[in-house]
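So this one's input-v1.tsv, TSV, C-alpha atoms:
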```tsv
chain	number	residue	atom	x	y	z
A	1	MET	CA	0.88	-22.20	-29.60
A	2	LYS	CA	0.22	-19.56	-26.94
A	3	PHE	CA	2.77	-18.49	-24.37
A	4	ALA	CA	0.71	-19.31	-21.28
A	5	LEU	CA	1.50	-21.53	-18.36
A	6	ALA	CA	-1.82	-22.95	-17.19
A	7	ALA	CA	-2.44	-26.68	-17.50
A	8	SER	CA	-4.83	-29.05	-15.80
A	9	ALA	CA	-4.14	-32.24	-13.91
A	10	VAL	CA	-6.77	-33.90	-16.07
A	11	THR	CA	-4.78	-33.08	-19.22
A	12	LEU	CA	-1.58	-34.38	-17.67
A	13	ALA	CA	-3.25	-37.61	-16.58
A	14	ALA	CA	-4.72	-38.12	-20.04
A	15	SER	CA	-1.30	-37.62	-21.63
A	16	ALA	CA	0.24	-40.17	-19.29
A	17	MET	CA	-2.45	-42.71	-20.18
A	18	VAL	CA	-1.72	-42.26	-23.88
A	19	CYS	CA	1.99	-42.84	-23.30
A	20	ALA	CA	1.28	-45.99	-21.32
A	21	GLY	CA	-0.74	-47.60	-24.13
A	22	PRO	CA	0.64	-50.10	-26.66
A	23	LEU	CA	2.71	-48.77	-29.54
A	24	GLN	CA	0.73	-49.08	-32.77
A	25	ALA	CA	3.76	-50.14	-34.78
A	26	LEU	CA	3.99	-49.42	-38.50
A	27	GLU	CA	5.35	-52.81	-39.52
A	28	ARG	CA	6.92	-51.55	-42.70
A	29	LEU	CA	7.55	-48.34	-44.51
A	30	ILE	CA	4.71	-47.06	-46.67
A	31	GLN	CA	5.51	-45.96	-50.22
A	32	LEU	CA	3.27	-42.95	-50.75
A	33	ALA	CA	4.47	-42.15	-54.28
A	34	GLU	CA	7.03	-43.40	-56.78
A	35	ALA	CA	10.55	-42.07	-56.29
A	36	ARG	CA	11.36	-39.16	-58.60
A	37	LEU	CA	14.32	-39.73	-60.89
A	38	ASP	CA	14.99	-35.98	-61.03
A	39	SER	CA	15.05	-35.54	-57.24
A	40	HIS	CA	17.69	-33.20	-55.83
A	41	GLY	CA	17.25	-34.48	-52.28
A	42	ALA	CA	14.66	-34.85	-49.55
A	43	VAL	CA	13.08	-33.02	-46.64
A	44	TYR	CA	11.95	-34.86	-43.51
A	45	PHE	CA	9.51	-34.12	-40.71
A	46	ILE	CA	7.64	-36.14	-38.06
A	47	THR	CA	3.99	-36.71	-37.17
A	48	ASN	CA	4.79	-36.77	-33.40
A	49	GLU	CA	1.56	-38.71	-32.78
A	50	PRO	CA	1.13	-40.31	-29.30
A	51	GLY	CA	0.07	-43.64	-30.82
A	52	GLU	CA	3.14	-43.78	-33.03
A	53	ASN	CA	5.69	-41.32	-34.33
A	54	VAL	CA	6.21	-41.52	-38.11
A	55	ILE	CA	8.92	-39.93	-40.27
A	56	MET	CA	7.59	-38.41	-43.50
A	57	ALA	CA	10.06	-38.03	-46.39
A	58	ALA	CA	9.40	-35.84	-49.44
A	59	SER	CA	11.61	-35.57	-52.51
A	60	ILE	CA	12.71	-32.13	-53.72
A	61	GLY	CA	12.52	-31.04	-57.36
A	62	GLY	CA	14.84	-28.53	-58.99
A	63	ASP	CA	12.14	-25.86	-58.68
A	64	GLY	CA	11.63	-26.52	-54.96
A	65	SER	CA	8.49	-28.60	-55.47
A	66	LEU	CA	7.88	-31.58	-53.18
A	67	VAL	CA	6.45	-35.07	-53.57
A	68	LEU	CA	5.61	-36.97	-50.38
A	69	GLU	CA	7.18	-40.38	-51.09
A	70	LYS	CA	7.76	-42.31	-47.88
A	71	ALA	CA	6.35	-42.80	-44.39
A	72	VAL	CA	8.64	-44.73	-42.04
A	73	ALA	CA	7.99	-45.81	-38.46
A	74	ALA	CA	10.22	-43.84	-36.12
A	75	GLY	CA	10.31	-46.64	-33.55
A	76	GLY	CA	8.55	-44.78	-30.75
A	77	ARG	CA	5.71	-42.51	-29.71
A	78	GLY	CA	5.29	-38.80	-30.06
A	79	LEU	CA	3.98	-36.52	-27.32
A	80	HIS	CA	2.57	-33.00	-27.09
A	81	GLY	CA	3.63	-30.66	-24.33
A	82	ILE	CA	0.96	-29.07	-22.15
A	83	ALA	CA	-0.15	-25.62	-23.27
A	84	SER	CA	-3.36	-23.70	-22.77
A	85	PRO	CA	-4.90	-23.50	-25.26
A	86	PRO	CA	-3.18	-26.37	-27.12
A	87	GLY	CA	-1.79	-25.61	-30.54
A	88	ALA	CA	1.02	-26.28	-33.01
A	89	ASP	CA	4.60	-26.92	-31.84
A	90	GLY	CA	3.97	-29.73	-29.39
A	91	LEU	CA	7.71	-30.09	-28.71
A	92	PHE	CA	8.22	-26.39	-27.81
A	93	SER	CA	11.46	-26.61	-29.79
A	94	GLN	CA	13.43	-26.55	-33.04
A	95	GLY	CA	15.51	-29.50	-34.27
A	96	GLY	CA	13.38	-32.51	-33.31
A	97	ILE	CA	14.57	-34.29	-36.46
A	98	GLN	CA	18.01	-33.77	-37.98
A	99	ALA	CA	19.95	-35.07	-40.98
A	100	SER	CA	23.74	-35.20	-41.42
A	101	THR	CA	25.10	-34.72	-44.94
A	102	ASN	CA	28.57	-36.03	-44.12
A	103	GLY	CA	27.31	-38.90	-42.00
A	104	GLN	CA	24.48	-39.85	-44.39
A	105	VAL	CA	22.25	-40.42	-41.36
A	106	LEU	CA	18.97	-39.10	-39.98
A	107	ALA	CA	17.88	-38.95	-36.33
A	108	THR	CA	14.57	-38.18	-34.66
A	109	VAL	CA	13.26	-37.78	-31.14
A	110	ASN	CA	10.40	-39.93	-29.85
A	111	ALA	CA	9.17	-37.62	-27.11
A	112	GLY	CA	6.52	-40.02	-25.80
A	113	SER	CA	8.97	-42.91	-25.48
A	114	ASN	CA	11.96	-40.91	-24.19
A	115	THR	CA	14.04	-42.36	-27.03
A	116	ILE	CA	16.03	-41.36	-30.10
A	117	SER	CA	16.06	-43.30	-33.37
A	118	LEU	CA	18.79	-43.34	-36.01
A	119	PHE	CA	18.41	-44.09	-39.73
A	120	SER	CA	20.75	-44.46	-42.68
A	121	ILE	CA	20.05	-42.31	-45.76
A	122	ASN	CA	20.56	-43.67	-49.27
A	123	PRO	CA	22.60	-40.80	-50.80
A	124	LYS	CA	21.30	-41.59	-54.30
A	125	VAL	CA	17.64	-41.79	-53.23
A	126	PRO	CA	17.43	-39.71	-50.03
A	127	THR	CA	13.79	-40.60	-49.31
A	128	ASP	CA	15.07	-44.16	-48.83
A	129	ILE	CA	15.89	-44.41	-45.11
A	130	ALA	CA	16.43	-47.51	-42.97
A	131	PRO	CA	16.85	-48.04	-39.20
A	132	LEU	CA	20.39	-48.18	-37.80
A	133	GLY	CA	20.33	-50.17	-34.58
A	134	ASP	CA	17.47	-49.94	-32.11
A	135	PRO	CA	15.98	-46.77	-30.59
A	136	VAL	CA	17.98	-45.75	-27.51
A	137	SER	CA	17.06	-43.98	-24.30
A	138	SER	CA	17.62	-40.24	-24.52
A	139	GLY	CA	18.97	-40.26	-20.98
A	140	GLY	CA	16.14	-38.05	-19.79
A	141	GLU	CA	12.48	-37.36	-20.43
A	142	PHE	CA	10.71	-35.62	-23.31
A	143	PRO	CA	13.58	-35.36	-25.85
A	144	GLN	CA	12.99	-32.22	-27.92
A	145	SER	CA	15.98	-31.25	-30.03
A	146	LEU	CA	18.99	-32.91	-31.69
A	147	VAL	CA	22.31	-31.89	-33.23
A	148	PHE	CA	24.94	-33.80	-35.19
A	149	ASN	CA	28.56	-32.74	-35.25
A	150	LYS	CA	29.89	-31.71	-38.68
A	151	ASN	CA	31.14	-35.13	-39.77
A	152	GLY	CA	28.06	-36.95	-38.48
A	153	THR	CA	29.92	-39.16	-36.02
A	154	ARG	CA	28.32	-37.72	-32.89
A	155	LEU	CA	24.75	-36.86	-31.90
A	156	CYS	CA	23.56	-34.89	-28.87
A	157	VAL	CA	20.03	-34.55	-27.52
A	158	LEU	CA	18.24	-31.99	-25.38
A	159	ASN	CA	15.66	-33.36	-22.93
A	160	GLY	CA	13.05	-31.05	-21.45
A	161	GLY	CA	10.73	-33.06	-19.19
A	162	ALA	CA	10.92	-33.95	-15.50
A	163	VAL	CA	14.45	-35.21	-16.18
A	164	ALA	CA	15.93	-32.45	-18.31
A	165	GLY	CA	19.41	-31.86	-19.70
A	166	VAL	CA	21.70	-33.09	-22.47
A	167	ASN	CA	23.23	-36.40	-23.50
A	168	CYS	CA	25.54	-37.44	-26.36
A	169	PHE	CA	26.10	-40.54	-28.48
A	170	GLY	CA	28.58	-41.89	-30.98
A	171	VAL	CA	27.17	-42.82	-34.40
A	172	ASP	CA	28.06	-46.39	-35.36
A	173	LYS	CA	27.01	-47.49	-38.86
A	174	LYS	CA	26.36	-51.04	-37.59
A	175	LEU	CA	25.28	-50.64	-33.97
A	176	GLY	CA	23.49	-47.31	-34.28
A	177	LEU	CA	23.73	-44.87	-31.37
A	178	VAL	CA	26.32	-45.69	-28.69
A	179	SER	CA	26.36	-43.67	-25.46
A	180	ILE	CA	29.43	-41.46	-24.96
A	181	PRO	CA	30.71	-41.86	-21.39
A	182	ASP	CA	30.48	-38.82	-19.12
A	183	SER	CA	28.29	-36.81	-21.53
A	184	ARG	CA	24.95	-36.90	-19.71
A	185	ARG	CA	24.30	-33.66	-17.87
A	186	ILE	CA	21.17	-32.70	-15.91
A	187	VAL	CA	19.64	-29.23	-15.98
A	188	SER	CA	17.11	-28.40	-13.27
A	189	LEU	CA	14.01	-26.94	-14.90
A	190	ASN	CA	11.43	-28.00	-12.30
A	191	GLN	CA	9.33	-29.40	-15.15
A	192	THR	CA	6.88	-32.27	-15.63
A	193	THR	CA	6.61	-34.92	-18.34
A	194	PRO	CA	5.17	-33.76	-20.65
A	195	PRO	CA	6.34	-30.25	-19.80
A	196	ASN	CA	4.13	-27.24	-19.17
A	197	GLY	CA	4.96	-24.45	-21.54
A	198	PRO	CA	6.08	-22.90	-23.66
A	199	PRO	CA	7.59	-20.63	-20.92
A	200	GLY	CA	10.08	-22.44	-18.72
A	201	THR	CA	10.90	-25.14	-21.29
A	202	ALA	CA	13.96	-26.28	-23.22
A	203	SER	CA	14.24	-25.01	-26.80
A	204	MET	CA	17.18	-26.09	-28.97
A	205	ILE	CA	20.64	-27.68	-28.92
A	206	THR	CA	23.64	-27.00	-31.17
A	207	PHE	CA	27.44	-26.78	-31.29
A	208	ASN	CA	29.49	-23.62	-31.74
A	209	ALA	CA	31.51	-23.30	-34.97
A	210	ASP	CA	34.60	-25.25	-33.84
A	211	GLU	CA	32.52	-27.73	-31.83
A	212	SER	CA	34.41	-26.92	-28.64
A	213	LYS	CA	31.13	-26.11	-26.89
A	214	LEU	CA	27.70	-27.72	-26.75
A	215	ILE	CA	24.98	-25.08	-26.38
A	216	ALA	CA	21.35	-25.37	-25.33
A	217	SER	CA	18.71	-22.64	-25.12
A	218	PHE	CA	16.02	-22.37	-22.45
A	219	LYS	CA	12.99	-20.10	-22.12
A	220	GLY	CA	12.41	-18.16	-18.94
A	221	ILE	CA	9.21	-17.84	-16.95
A	222	PRO	CA	8.67	-14.08	-16.77
A	223	PRO	CA	9.98	-12.14	-14.97
A	224	ALA	CA	12.87	-14.66	-15.02
A	225	VAL	CA	14.76	-14.47	-18.32
A	226	GLY	CA	15.79	-17.15	-20.77
A	227	PHE	CA	19.37	-18.34	-21.01
A	228	LEU	CA	21.94	-20.39	-22.88
A	229	ALA	CA	23.80	-23.26	-21.19
A	230	LEU	CA	27.30	-23.89	-22.58
A	231	TRP	CA	29.33	-27.03	-21.87
A	232	ASP	CA	32.97	-27.45	-22.85
A	233	VAL	CA	33.35	-30.49	-25.12
A	234	GLN	CA	36.40	-32.72	-24.52
A	235	PRO	CA	38.27	-34.50	-27.38
A	236	ASP	CA	36.64	-37.81	-26.41
A	237	GLY	CA	33.15	-36.26	-26.64
A	238	SER	CA	32.58	-36.04	-22.89
A	239	LEU	CA	31.29	-32.80	-21.42
A	240	ALA	CA	32.48	-30.51	-18.66
A	241	PRO	CA	30.75	-31.31	-15.34
A	242	ALA	CA	29.00	-27.93	-15.16
A	243	PHE	CA	27.70	-25.50	-17.75
A	244	THR	CA	28.34	-21.80	-18.11
A	245	ARG	CA	25.11	-19.82	-18.01
A	246	LEU	CA	24.59	-16.89	-20.39
A	247	ASP	CA	21.42	-14.96	-19.68
A	248	THR	CA	19.68	-13.29	-22.58
A	249	VAL	CA	19.90	-9.52	-23.00
A	250	GLN	CA	17.50	-6.95	-21.61
A	251	GLY	CA	14.24	-7.07	-23.52
A	252	GLY	CA	14.48	-10.80	-24.21
A	253	GLY	CA	13.09	-13.57	-22.05
A	254	LEU	CA	12.05	-16.66	-24.03
A	255	SER	CA	15.23	-17.84	-25.79
A	256	PHE	CA	14.27	-20.26	-28.56
A	257	SER	CA	16.21	-20.98	-31.78
A	258	LEU	CA	19.99	-20.95	-32.17
A	259	THR	CA	21.14	-19.95	-35.68
A	260	PRO	CA	24.85	-19.12	-35.99
A	261	VAL	CA	25.92	-15.78	-37.45
A	262	PRO	CA	28.48	-16.61	-40.18
A	263	GLY	CA	32.02	-15.53	-39.36
A	264	LYS	CA	31.13	-14.60	-35.77
A	265	ASN	CA	31.03	-16.40	-32.44
A	266	ALA	CA	27.43	-15.28	-32.14
A	267	PHE	CA	23.90	-16.55	-32.62
A	268	LEU	CA	20.58	-15.17	-33.74
A	269	VAL	CA	18.17	-16.37	-31.06
A	270	THR	CA	14.45	-16.02	-31.73
A	271	ASP	CA	12.59	-14.74	-28.70
A	272	PRO	CA	8.80	-14.39	-28.66
A	273	ALA	CA	9.10	-11.93	-25.79
A	274	VAL	CA	10.45	-9.36	-28.25
A	275	GLY	CA	11.20	-10.80	-31.71
A	276	PHE	CA	14.84	-11.89	-31.69
A	277	THR	CA	18.11	-11.35	-29.91
A	278	ILE	CA	21.71	-11.44	-31.12
A	279	LEU	CA	24.02	-13.00	-28.54
A	280	ASP	CA	27.78	-12.51	-28.93
A	281	LEU	CA	29.58	-15.27	-27.02
A	282	ASP	CA	32.85	-13.31	-27.03
A	283	ASP	CA	31.66	-9.85	-26.00
A	284	SER	CA	28.24	-9.36	-24.43
A	285	SER	CA	28.42	-5.61	-25.11
A	286	HIS	CA	27.73	-6.47	-28.75
A	287	SER	CA	24.59	-8.43	-27.89
A	288	SER	CA	21.19	-6.86	-28.43
A	289	ALA	CA	17.43	-7.41	-28.61
A	290	VAL	CA	15.51	-6.44	-31.73
A	291	ALA	CA	11.75	-5.97	-31.67
A	292	ILE	CA	9.53	-7.31	-34.45
A	293	PRO	CA	6.45	-5.06	-34.44
A	294	GLY	CA	3.19	-6.98	-34.14
A	295	GLN	CA	4.85	-10.33	-33.52
A	296	SER	CA	3.18	-12.96	-31.37
A	297	ALA	CA	5.39	-16.06	-31.19
A	298	THR	CA	8.53	-15.73	-33.33
A	299	CYS	CA	10.34	-18.96	-32.52
A	300	TRP	CA	12.12	-20.58	-35.52
A	301	SER	CA	14.96	-19.41	-37.74
A	302	SER	CA	17.29	-20.45	-40.56
A	303	PHE	CA	20.05	-18.72	-42.55
A	304	SER	CA	20.18	-18.35	-46.32
A	305	SER	CA	23.75	-18.20	-47.60
A	306	ARG	CA	22.68	-17.04	-51.10
A	307	THR	CA	20.78	-14.00	-49.80
A	308	GLY	CA	22.80	-13.41	-46.64
A	309	SER	CA	19.53	-13.19	-44.69
A	310	PHE	CA	17.97	-14.99	-41.76
A	311	PHE	CA	14.36	-16.11	-42.02
A	312	LEU	CA	12.25	-16.22	-38.86
A	313	ASP	CA	8.66	-17.36	-38.55
A	314	ASP	CA	5.84	-16.68	-36.13
A	315	VAL	CA	3.30	-19.40	-35.30
A	316	GLY	CA	0.86	-16.89	-33.86
A	317	THR	CA	0.62	-14.54	-36.86
A	318	GLY	CA	1.86	-16.75	-39.70
A	319	MET	CA	4.46	-14.11	-40.55
A	320	VAL	CA	7.89	-14.86	-42.01
A	321	THR	CA	10.39	-12.11	-41.22
A	322	GLU	CA	13.60	-11.61	-43.20
A	323	VAL	CA	16.48	-10.23	-41.11
A	324	ARG	CA	20.01	-9.02	-41.88
A	325	ILE	CA	22.88	-8.85	-39.37
A	326	ASP	CA	25.85	-6.62	-40.24
A	327	ASP	CA	29.52	-6.96	-39.29
A	328	ASP	CA	28.88	-5.03	-36.07
A	329	LEU	CA	26.15	-7.52	-35.12
A	330	LYS	CA	23.37	-5.01	-35.65
A	331	GLY	CA	20.15	-6.62	-36.75
A	332	THR	CA	17.55	-5.07	-39.04
A	333	ILE	CA	14.31	-6.27	-40.59
A	334	VAL	CA	14.49	-6.48	-44.39
A	335	LYS	CA	10.93	-7.47	-45.21
A	336	GLN	CA	8.00	-9.51	-43.94
A	337	TYR	CA	5.99	-12.14	-45.79
A	338	PRO	CA	2.52	-13.02	-44.44
A	339	GLN	CA	1.62	-16.70	-44.79
A	340	GLY	CA	-1.81	-16.38	-43.17
A	341	ALA	CA	-2.78	-16.41	-39.50
A	342	SER	CA	-4.21	-19.92	-39.84
A	343	ALA	CA	-1.02	-21.42	-41.29
A	344	GLY	CA	0.57	-22.26	-37.94
A	345	THR	CA	4.13	-21.79	-39.22
A	346	ILE	CA	6.72	-23.56	-37.07
A	347	ASP	CA	9.98	-25.37	-38.03
A	348	ASN	CA	11.83	-24.16	-41.13
A	349	ASP	CA	14.95	-25.06	-43.11
A	350	VAL	CA	16.85	-23.45	-46.01
A	351	VAL	CA	17.97	-25.69	-48.89
A	352	THR	CA	20.29	-24.69	-51.75
A	353	ILE	CA	19.40	-26.19	-55.14
A	354	ASN	CA	21.20	-25.18	-58.35
A	355	ASP	CA	22.75	-22.16	-56.58
A	356	LYS	CA	19.34	-20.93	-55.46
A	357	ASP	CA	17.94	-21.01	-51.93
A	358	PHE	CA	14.49	-22.22	-50.91
A	359	LEU	CA	12.84	-21.92	-47.50
A	360	PHE	CA	10.90	-25.06	-46.50
A	361	LEU	CA	8.33	-24.12	-43.88
A	362	MET	CA	6.19	-26.42	-41.76
A	363	ALA	CA	2.72	-24.85	-41.82
A	364	ALA	CA	1.45	-27.21	-39.14
A	365	THR	CA	-2.07	-25.89	-38.59
A	366	ALA	CA	-2.66	-25.99	-42.35
A	367	ALA	CA	-1.03	-29.46	-42.49
A	368	SER	CA	1.24	-28.41	-45.34
A	369	VAL	CA	4.87	-27.76	-46.15
A	370	ASP	CA	5.15	-24.39	-47.85
A	371	VAL	CA	8.10	-23.48	-50.07
A	372	LEU	CA	9.42	-19.96	-50.55
A	373	SER	CA	11.91	-19.13	-53.29
A	374	LEU	CA	14.71	-16.87	-51.96
A	375	SER	CA	15.97	-15.36	-55.20
A	376	ALA	CA	17.47	-12.21	-53.65
A	377	PRO	CA	17.29	-10.16	-50.43
A	378	GLY	CA	13.76	-8.85	-49.94
A	379	GLN	CA	12.33	-11.02	-52.70
A	380	ALA	CA	11.05	-14.20	-51.04
A	381	ARG	CA	8.09	-15.66	-52.90
A	382	LYS	CA	5.87	-18.65	-52.19
A	383	VAL	CA	6.20	-21.14	-55.04
A	384	PHE	CA	4.75	-24.41	-53.74
A	385	SER	CA	2.64	-25.99	-51.02
A	386	LEU	CA	2.65	-29.70	-50.17
A	387	ASN	CA	-0.59	-31.08	-48.76
A	388	ILE	CA	0.25	-33.57	-46.00
A	389	THR	CA	-3.24	-34.69	-44.99
A	390	ALA	CA	-4.47	-36.31	-48.22
A	391	PRO	CA	-1.62	-38.78	-48.86
A	392	ALA	CA	-1.40	-39.59	-45.13
A	393	ARG	CA	-5.13	-40.28	-44.92
A	394	ASN	CA	-4.98	-42.48	-48.03
A	395	ALA	CA	-2.23	-44.51	-46.38
A	396	GLY	CA	-4.04	-44.76	-43.04
A	397	ILE	CA	-1.48	-42.62	-41.18
A	398	PRO	CA	-3.01	-40.47	-38.40
A	399	ILE	CA	-2.25	-36.77	-38.75
A	400	ASP	CA	-3.03	-34.16	-36.09
A	401	PRO	CA	-1.90	-30.74	-37.36
A	402	ASN	CA	-1.07	-29.68	-33.80
A	403	SER	CA	1.42	-32.55	-33.57
A	404	LEU	CA	3.34	-32.12	-36.84
A	405	GLN	CA	6.90	-31.11	-36.13
A	406	GLY	CA	10.39	-30.64	-37.53
A	407	MET	CA	12.07	-29.81	-40.82
A	408	THR	CA	15.47	-30.99	-42.05
A	409	HIS	CA	16.97	-31.92	-45.41
A	410	PHE	CA	19.52	-34.05	-47.22
A	411	LEU	CA	20.77	-33.31	-50.76
A	412	ARG	CA	21.38	-36.10	-53.24
A	413	GLN	CA	25.04	-37.13	-53.57
```
Once you've parsed the file, please lay out its structure as structure tokens.
Amino acid sequence: MKFALAASAVTLAASAMVCAGPLQALERLIQLAEARLDSHGAVYFITNEPGENVIMAASIGGDGSLVLEKAVAAGGRGLHGIASPPGADGLFSQGGIQASTNGQVLATVNAGSNTISLFSINPKVPTDIAPLGDPVSSGGEFPQSLVFNKNGTRLCVLNGGAVAGVNCFGVDKKLGLVSIPDSRRIVSLNQTTPPNGPPGTASMITFNADESKLIASFKGIPPAVGFLALWDVQPDGSLAPAFTRLDTVQGGGLSFSLTPVPGKNAFLVTDPAVGFTILDLDDSSHSSAVAIPGQSATCWSSFSSRTGSFFLDDVGTGMVTEVRIDDDLKGTIVKQYPQGASAGTIDNDVVTINDKDFLFLMAATAASVDVLSLSAPGQARKVFSLNITAPARNAGIPIDPNSLQGMTHFLRQ
């Protein structure tokens, strides 16, 4: 992924033709490997292919190793945003697939169908997922990012195409996703479907700690800066009519991920214009931009509770950067871990197994999921790599490394 804006009408027309074609439906799930009896949980990601979007589910071993067990039709098409040159991170976002531990459900975007799909998760065998209701309209175009509330009873989506904004749904274990009245809000981005980017596109959606606000991040088109949009959330799940805009700090410009800082009303926001920013929602004087020397496109982040560190990755350089944020919201770089410039590192997620944290990293260009053991601050170490291409090819599932997207997990209960 390069942060350029150029795109051709020919590319846009070709994308539209793909979306208009028939959905090549996967009529059943495909069992790629036998379920592991010693599994501690599962990680999930999507193929985001324009012919059909497929959820891939891999079981997690106690040592962080992965076995790709299931491929399940997502119920819609994927779609790649327009970038020049094209590359990994077709959704220009983080959070395109999300799991809820408390709700025992999984949701994914279908960017090429403008829909969201919901699945139940078998808590004893988390790679066993099944559709809940039918896919529903996202309420906009090019859905990119999702967030569940803490108890898994509500799901909100961020759309980033020609019709951009947010929309929320109730989670019904029989009916699936049910629209929450007065929760659809439009944000004017002056975009197309698929969007031109990454600059000027939507990035991620989340709630604040007490779920009183729904927050979405948006990248600017330099010299315009990126910003957060914050909507007040009412007790019935509806949203305030208008959002409060919080521009990023000086030095930032392309607001991307939203990872909460524990114990603070603040977020670490990756920003490929500089590295990352720290945005304090209570007092902007505590907000700051922190440069990552040599970075190219630092866009994704997760927090490790066992190490107390944030882990950010850069699709352009293949670098994982470990960051600490102190009580005064000052950010520092702890250490960097090169994964290789050809890895195409995008979405990541931290999973705690047997009181030890592991970073699961989508190395899209390499078509692998890489696993880093996080034994202590400054001591991340690669311990496993899951090859996606071989089992997918054997099962007849199309895989384009530039389309692979997402990373979320569910631990066995």
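Shortest atom-to-atom contact with Leu228 in chain A among A:Asn265, A:Thr389, A:Thr244, A:Thr259: A:Thr244, counting all atoms listed in the file.
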| task | Go through A:Phe360, A:Phe148, A:Phe92, A:Trp231 and flag the residue nearest Met407 in chain A, using all atoms listed in the file for the distances. | result | A:Phe360
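Here CA of Gly78 in chain A and CA of Gly318 in chain A stand 24.3 Å from one another.
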Write out as a PDB file with C-alpha atoms, keeping the file's coordinate frame each polymer residue whose atoms come within 8 Å of range 112-115 of chain A, counting only C-alpha atoms; drop sequence neighbours fewer than 5 positions from it.
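Contents of the output file around.pdb:
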```pdb
ATOM      1  CA  CYS A  19       1.990 -42.840 -23.300  1.00  0.00           C
ATOM      2  CA  PRO A  50       1.130 -40.310 -29.300  1.00  0.00           C
ATOM      3  CA  GLY A  76       8.550 -44.780 -30.750  1.00  0.00           C
ATOM      4  CA  ARG A  77       5.710 -42.510 -29.710  1.00  0.00           C
ATOM      5  CA  GLY A  78       5.290 -38.800 -30.060  1.00  0.00           C
ATOM      6  CA  LEU A  79       3.980 -36.520 -27.320  1.00  0.00           C
ATOM      7  CA  PRO A 135      15.980 -46.770 -30.590  1.00  0.00           C
ATOM      8  CA  VAL A 136      17.980 -45.750 -27.510  1.00  0.00           C
ATOM      9  CA  SER A 137      17.060 -43.980 -24.300  1.00  0.00           C
ATOM     10  CA  SER A 138      17.620 -40.240 -24.520  1.00  0.00           C
ATOM     11  CA  GLY A 139      18.970 -40.260 -20.980  1.00  0.00           C
ATOM     12  CA  GLY A 140      16.140 -38.050 -19.790  1.00  0.00           C
ATOM     13  CA  GLU A 141      12.480 -37.360 -20.430  1.00  0.00           C
ATOM     14  CA  PHE A 142      10.710 -35.620 -23.310  1.00  0.00           C
ATOM     15  CA  PRO A 143      13.580 -35.360 -25.850  1.00  0.00           C
TER      16      PRO A 143
END
```
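When CA of Arg412 in chain A is paired with CA of Ala42 in chain A, their separation reads 7.8 Å.
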When you look at Gly251 in chain A with a cut-off of 9 Å (counting all atoms listed in the file), what residues show up, excluding the ones that are within fewer than 4 positions of it in the same chain? I need them as a PDB file with C-alpha atoms, in the frame of the given file.
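The resulting file, part_24.pdb, is reproduced below:
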```
ATOM      1  CA  ALA A 273       9.100 -11.930 -25.790  1.00  0.00           C
ATOM      2  CA  VAL A 274      10.450  -9.360 -28.250  1.00  0.00           C
ATOM      3  CA  THR A 277      18.110 -11.350 -29.910  1.00  0.00           C
ATOM      4  CA  SER A 288      21.190  -6.860 -28.430  1.00  0.00           C
ATOM      5  CA  ALA A 289      17.430  -7.410 -28.610  1.00  0.00           C
ATOM      6  CA  VAL A 290      15.510  -6.440 -31.730  1.00  0.00           C
ATOM      7  CA  ALA A 291      11.750  -5.970 -31.670  1.00  0.00           C
TER       8      ALA A 291
END
```
| Spatial neighbours of range 98-107 of chain A, max dist 6 Å, all atoms listed in the file, sep filter under 4 positions, as a PyMOL selection string | chain A and resi 117-121+151-152+408
| said: Here's a test: counting only C-alpha atoms, identify every protein, DNA and RNA residue with an atom at most 12 Å from (-0.7, -35.9, -47.9) in the file's coordinate frame, and state them as a VMD selection string. | reply: chain A and resid 32 to 33 47 56 to 58 66 to 71 366 to 369 385 to 399 401
| message | Give me, as JSON, numbers by chain, all polymer residues having an atom no more than 8 Å from Phe310 in chain A, counting all atoms listed in the file and skipping those fewer than 4 positions away in the same chain. | response | {"A": [301, 302, 303, 304, 322, 323, 324]}
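Atom pair CA of Val225 in chain A / CA of Leu246 in chain A has a distance of 10.3 Å (rounded to one decimal).
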| request: Compare A:Phe358, A:Phe256, A:Tyr337, A:Phe45 by their minimum atom-to-atom distance to Val269 in chain A, counting all atoms listed in the file, and give me the closest one. | output: A:Phe256
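With only C-alpha atoms taken into account, every residue lying no more than 8 Å from the file point (8.7, -8.7, -44.8) is included here: Val320, Thr321, Glu322, Ile333, Val334, Lys335, Gln336, Tyr337, Pro338 and Gly378 of chain A.
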